[in-house]
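A short write-up of the structure that comes next.
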Amino acid sequence: MRPTEDTSHVRLQADPAAVRRYRQMRFGLFVHWGVYALIGHGEWVMHTEQIPVEEYERLPPRFNPVQFNADEWAQLMVDAGQKYMTITSKHHDGFCMFDSALTDYKITNMTFGRDPIAELAEAFSRHDLVLGFYYSLLDWHHPDYRDNWPAYIEYYQGQVRELCTKYGDIGMIWFDGYWPGHEPPAAYFVEGGSWDLAGTYDLIHELSPNTLIGNNHHVPPLKGEDFQMFEQDLPGENSAGFNTGSMGALPLESCLTINKNWGYNPDDHDHKSTPELIRFLVECIGRDSNFLLNVGPTPMGDIQIEQVYRLRGIGEWLQTNGEAIYGAKPLPNAKQDWGYVVHTPDTGAIYLHILDWPGGEISVEIPDVSTAACLADHTEIPARREDERLILSLPDVAPDGVDTVVRLD
């Protein structure tokens with residue numbers, strides 16, 4: 001088993017302004033989409049069902065997502081209150097969802113003949129959204145991944161260069177497939193067997209200083225990485241293998257599926273409710289984390305209606321409560337029995353996210369605040385001060401059954 005990759009010699013980091021932008025956005029859309037949607041058993045189907053390469057290669061010519069519409073996806077994100085997208089440019093099956101000059105195994109070489117990534121980049125510029133890419137370092141299709149490690153490193157770094165230079169302002173690159181101790185056989189036949197993550201990170205930051213780097217490697221963050229992700233989990237909960245002791249050093253992001261699959265699975269009807277997803281969003285803000293919510297589009301290129309309804313439901317809630325989400329950060333005493341205390345540094349406003357309505361009185365240690373009102377309807381909540389504490393007298397029934405937001409002034 002090899003040790004964790006050494007990136008101590010990384011030279012560059014992302015532009016601090018790009019890091020601030022990322023922290024401000026707070027809510028994004030994760031998209032797992034590729035030829036695996038034709039089978040409908042999730043994005044790992046080539047591995048889980050042990051489909052040989054030559055058999056799996058029969059799928060791409062059938063992949064013709066004629067209902068894909070980049071502007072409709074962008075508008076759905078606007079309706080949902082999402083600010084950025086991370087989409088699979090290449091997943092573990094090796095099929096490229098962008099027009100790479102380094103392979104013929106790509107969507108533009110099939111019947112569809114279009115580059116959905118380029119179309120999204122154009123649509124996002126019109127809708128003021130930020131585009132980012134998931135990129136799998138692991139590749140079940142490319143022969144060099146198995147047989148010629150130096151050539152494979154050159155190949156994947158070449159594709160990273162394309163992603164950084166062909167599609168305008170890229171917000172982030174979300175790496176997956178590098179898991180220390182699980183390197184492919186070809187790596188063991190090369191002196192050092194390095195993924196050259198340090199070279200990759202410096203390449204990205206040199207070509208695209210506004211692009212943040214994250215790597216889903218399940219070990220503490222490496223030098224050169226700009227944010228840390230948590231998969232199907234909240235920071236500080238069950239994140240075994242993550243460096244939860246250093247939370248706050250890097251921006252955080254929690255990614256979550258709406259049902260139980262990342263990729264399209266029409267038989268998976270176990271969708272989380274809109275209130276559950278809103279609660280998860282608030283839990284993320286209370287832990288100073290972004291929320292990346294996943295959809296798995298169909299083989300035709302549209303998003304499942306169950307997922308559309310939930311995204312729009314979150315957006316409706318954000319229309320009223322968004323000022324307590326975007327750019328919000330937890331205060332030092334953020335976690336309370338009933339929810340979280342957050343503030344927006346740019347405005348100085350303080351908000352109580354009351355997730356578990358207690359009724360009666362609640363007490364919060366907040367100096368220099370004397371008035372409170374529900375954010376949704378501006379109804380004043382009786383409040384009094386006792387030394388450093390603010391005492392609020394709440395009605396018996398929560399005004400919002402999911403999360404009542406109270407603004408303090």
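Letters A, B, ... mark the chains of the structure tokens in the order given; residue numbers begin at 1 per chain; ligand numbers begin at 1, in order shown.
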- Task: Skip region 365-381 of chain A itself and residues of its chain fewer than 3 positions away, then list as a PyMOL selection string all residues within 10 Å of it, counting only C-alpha atoms.
- Result: chain A and resi 317+319-324+331+333+341+350-352+384-395+399-400+404-409
So that I have them on file, write out the residues from the current selection with C-alpha atoms, as a compact mmCIF listing (two decimals), in the first residue's frame.
```txt
# COMPACT_ATOMS: atom_id res chain seq x y z
CA TRP A 317 -38.02 28.85 0.54
CA GLN A 319 -36.76 33.56 -1.98
CA THR A 320 -37.86 34.47 1.54
CA ASN A 321 -34.93 33.24 3.60
CA GLY A 322 -31.95 33.52 1.27
CA GLU A 323 -30.40 36.48 3.07
CA ALA A 324 -29.74 34.12 6.01
CA LEU A 331 -21.08 32.52 15.06
CA ASN A 333 -21.87 29.79 19.66
CA VAL A 341 -26.97 31.19 15.10
CA ILE A 350 -27.56 38.01 12.81
CA TYR A 351 -30.04 35.20 12.18
CA LEU A 352 -31.47 32.39 14.27
CA ARG A 384 -35.66 41.42 26.38
CA ARG A 385 -32.06 41.56 27.55
CA GLU A 386 -30.62 39.95 30.65
CA ASP A 387 -26.96 40.94 30.84
CA GLU A 388 -25.24 39.40 27.80
CA ARG A 389 -28.22 37.25 26.84
CA LEU A 390 -31.20 37.95 24.61
CA ILE A 391 -34.44 36.28 25.73
CA LEU A 392 -37.07 35.68 23.02
CA SER A 393 -40.70 34.80 23.75
CA LEU A 394 -41.84 32.52 20.94
CA PRO A 395 -45.39 31.67 19.88
CA PRO A 399 -44.44 30.13 11.68
CA ASP A 400 -42.36 27.92 9.34
CA THR A 404 -38.22 29.60 11.14
CA VAL A 405 -35.59 32.26 10.55
CA VAL A 406 -35.47 35.11 13.06
CA ARG A 407 -33.49 38.23 12.25
CA LEU A 408 -31.89 40.13 15.13
CA ASP A 409 -31.19 43.85 14.99
```
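Look at Trp44 (chain A): the protein and nucleic acid residues within 10 Å of it, using only C-alpha atoms and passing over chain neighbours fewer than 4 places away, are Tyr36, Thr48, Glu49, Gln50, His91, His92, Asp93, Asn261, Trp262 and Gly263 of chain A.
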Using N, CA and C atoms, can you write the selected residues to a file as an mmCIF file, in the first residue's frame?
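As a result, again.cif now contains:
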```cif
data_model
loop_
_atom_site.group_PDB
_atom_site.id
_atom_site.type_symbol
_atom_site.label_atom_id
_atom_site.label_comp_id
_atom_site.auth_asym_id
_atom_site.auth_seq_id
_atom_site.Cartn_x
_atom_site.Cartn_y
_atom_site.Cartn_z
ATOM 1 N N TYR A 36 -23.700 5.841 -18.713
ATOM 2 C CA TYR A 36 -24.257 4.892 -17.745
ATOM 3 C C TYR A 36 -25.743 5.131 -17.513
ATOM 4 N N THR A 48 -19.805 -2.502 -11.010
ATOM 5 C CA THR A 48 -20.659 -3.335 -10.159
ATOM 6 C C THR A 48 -21.232 -4.524 -10.918
ATOM 7 N N GLU A 49 -21.463 -4.363 -12.224
ATOM 8 C CA GLU A 49 -21.995 -5.472 -13.021
ATOM 9 C C GLU A 49 -20.929 -6.117 -13.896
ATOM 10 N N GLN A 50 -19.652 -5.740 -13.647
ATOM 11 C CA GLN A 50 -18.500 -6.354 -14.306
ATOM 12 C C GLN A 50 -18.671 -6.406 -15.823
ATOM 13 N N HIS A 91 -16.340 10.447 -15.856
ATOM 14 C CA HIS A 91 -16.470 9.613 -14.660
ATOM 15 C C HIS A 91 -15.547 8.399 -14.799
ATOM 16 N N HIS A 92 -15.686 7.445 -13.861
ATOM 17 C CA HIS A 92 -14.740 6.328 -13.812
ATOM 18 C C HIS A 92 -14.759 5.475 -15.081
ATOM 19 N N ASP A 93 -15.874 5.515 -15.820
ATOM 20 C CA ASP A 93 -15.953 4.706 -17.039
ATOM 21 C C ASP A 93 -15.111 5.270 -18.179
ATOM 22 N N ASN A 261 -29.043 7.384 -5.312
ATOM 23 C CA ASN A 261 -28.083 7.204 -6.386
ATOM 24 C C ASN A 261 -27.551 8.555 -6.853
ATOM 25 N N TRP A 262 -26.283 8.549 -7.284
ATOM 26 C CA TRP A 262 -25.712 9.733 -7.924
ATOM 27 C C TRP A 262 -26.141 9.784 -9.390
ATOM 28 N N GLY A 263 -25.940 8.674 -10.113
ATOM 29 C CA GLY A 263 -26.350 8.607 -11.505
ATOM 30 C C GLY A 263 -27.804 8.173 -11.623
#
```
- Task: Please provide the set of residues having any atom within 9 Å of His127 (chain A), restricted to only C-alpha atoms, with same-chain residues fewer than 4 positions apart removed, written as a PyMOL selection string.
- Result: chain A and resi 71+74-75+78+123
With N, CA and C atoms retained, write the just-selected residues as a PDB file, in the first residue's frame.
```
ATOM      1  N   ASP A  71     -29.919  26.004 -21.334  1.00  0.00           N
ATOM      2  CA  ASP A  71     -30.621  27.148 -20.745  1.00  0.00           C
ATOM      3  C   ASP A  71     -31.701  26.695 -19.769  1.00  0.00           C
ATOM      4  N   ALA A  74     -29.933  25.817 -16.613  1.00  0.00           N
ATOM      5  CA  ALA A  74     -29.503  27.034 -15.935  1.00  0.00           C
ATOM      6  C   ALA A  74     -30.690  27.725 -15.261  1.00  0.00           C
ATOM      7  N   GLN A  75     -31.818  27.785 -15.947  1.00  0.00           N
ATOM      8  CA  GLN A  75     -32.994  28.428 -15.365  1.00  0.00           C
ATOM      9  C   GLN A  75     -33.494  27.660 -14.157  1.00  0.00           C
ATOM     10  N   VAL A  78     -31.432  28.725 -11.294  1.00  0.00           N
ATOM     11  CA  VAL A  78     -31.865  30.050 -10.830  1.00  0.00           C
ATOM     12  C   VAL A  78     -33.126  29.912  -9.982  1.00  0.00           C
ATOM     13  N   ALA A 123     -24.563  29.158 -21.501  1.00  0.00           N
ATOM     14  CA  ALA A 123     -25.801  29.451 -20.780  1.00  0.00           C
ATOM     15  C   ALA A 123     -25.509  30.064 -19.415  1.00  0.00           C
TER      16      ALA A 123
END
```
- Message: So that I can check the surroundings of Asp396 (chain A), please list as number ranges by chain every protein, DNA and RNA residue that reaches within 9 Å of it, counting only C-alpha atoms and ignoring chain neighbours fewer than 2 positions away.
- Response: A: 357-360, 394, 398
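The smallest atom-to-atom distance between Ile117 (chain A) and any of A:Ala186, A:Ala198, A:Leu252, A:Val31, using only C-alpha atoms, is found for A:Val31.
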- Message: Using only C-alpha atoms for the distances, tell me which of A:Asn259, A:Gln228, A:Ser194, A:Ser208 is nearest to Gly296 (chain A).
- Response: A:Asn259
- Task: Quick one: everything within 12 Å of Val10 (chain A), counting only C-alpha atoms, minus sequence neighbours fewer than 4 positions away in the same chain. Send it as a count of residues only.
- Result: 18
- Message: I need the residues of region 68-197 of chain A that end up classed as alpha helix (DSSP H) by DSSP on the backbone, written out as an NGL selection string.
- Response: :A and (70-80 or 116-127 or 143-147 or 149-165 or 197)
Could those selected residues go to a file with C-alpha atoms, as a tab-separated table (two decimals), in the first residue's frame?
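Contents of result.tsv, freshly written:
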```tsv
chain	number	residue	atom	x	y	z
A	70	ALA	CA	-28.44	24.06	-21.22
A	71	ASP	CA	-30.62	27.15	-20.75
A	72	GLU	CA	-33.37	25.07	-19.13
A	73	TRP	CA	-30.84	23.57	-16.70
A	74	ALA	CA	-29.50	27.03	-15.93
A	75	GLN	CA	-32.99	28.43	-15.37
A	76	LEU	CA	-33.82	25.53	-13.05
A	77	MET	CA	-30.75	26.42	-10.99
A	78	VAL	CA	-31.86	30.05	-10.83
A	79	ASP	CA	-35.33	28.89	-9.71
A	80	ALA	CA	-33.69	26.67	-7.07
A	116	PRO	CA	-22.90	19.90	-23.55
A	117	ILE	CA	-20.13	21.45	-21.45
A	118	ALA	CA	-19.62	24.22	-23.98
A	119	GLU	CA	-23.37	24.83	-24.12
A	120	LEU	CA	-23.56	25.01	-20.33
A	121	ALA	CA	-20.64	27.46	-20.24
A	122	GLU	CA	-22.50	29.76	-22.65
A	123	ALA	CA	-25.80	29.45	-20.78
A	124	PHE	CA	-24.16	30.08	-17.42
A	125	SER	CA	-22.61	33.31	-18.65
A	126	ARG	CA	-26.11	34.49	-19.51
A	127	HIS	CA	-27.57	33.47	-16.14
A	143	PRO	CA	-5.51	1.29	-21.74
A	144	ASP	CA	-2.65	3.44	-20.42
A	145	TYR	CA	-4.32	3.47	-17.00
A	146	ARG	CA	-3.60	-0.25	-16.83
A	147	ASP	CA	-0.40	-0.57	-18.85
A	149	TRP	CA	1.46	4.93	-16.20
A	150	PRO	CA	3.58	7.86	-17.47
A	151	ALA	CA	1.43	8.03	-20.61
A	152	TYR	CA	-1.75	8.02	-18.53
A	153	ILE	CA	-0.49	10.87	-16.33
A	154	GLU	CA	0.24	12.87	-19.49
A	155	TYR	CA	-3.27	12.05	-20.78
A	156	TYR	CA	-5.20	13.10	-17.70
A	157	GLN	CA	-3.15	16.26	-17.18
A	158	GLY	CA	-3.74	17.13	-20.83
A	159	GLN	CA	-7.49	16.85	-20.26
A	160	VAL	CA	-7.26	19.00	-17.14
A	161	ARG	CA	-5.48	21.60	-19.27
A	162	GLU	CA	-8.37	21.46	-21.77
A	163	LEU	CA	-10.97	21.93	-19.04
A	164	CYS	CA	-9.09	24.95	-17.70
A	165	THR	CA	-8.69	26.68	-21.05
A	197	LEU	CA	-0.99	15.84	-8.03
```
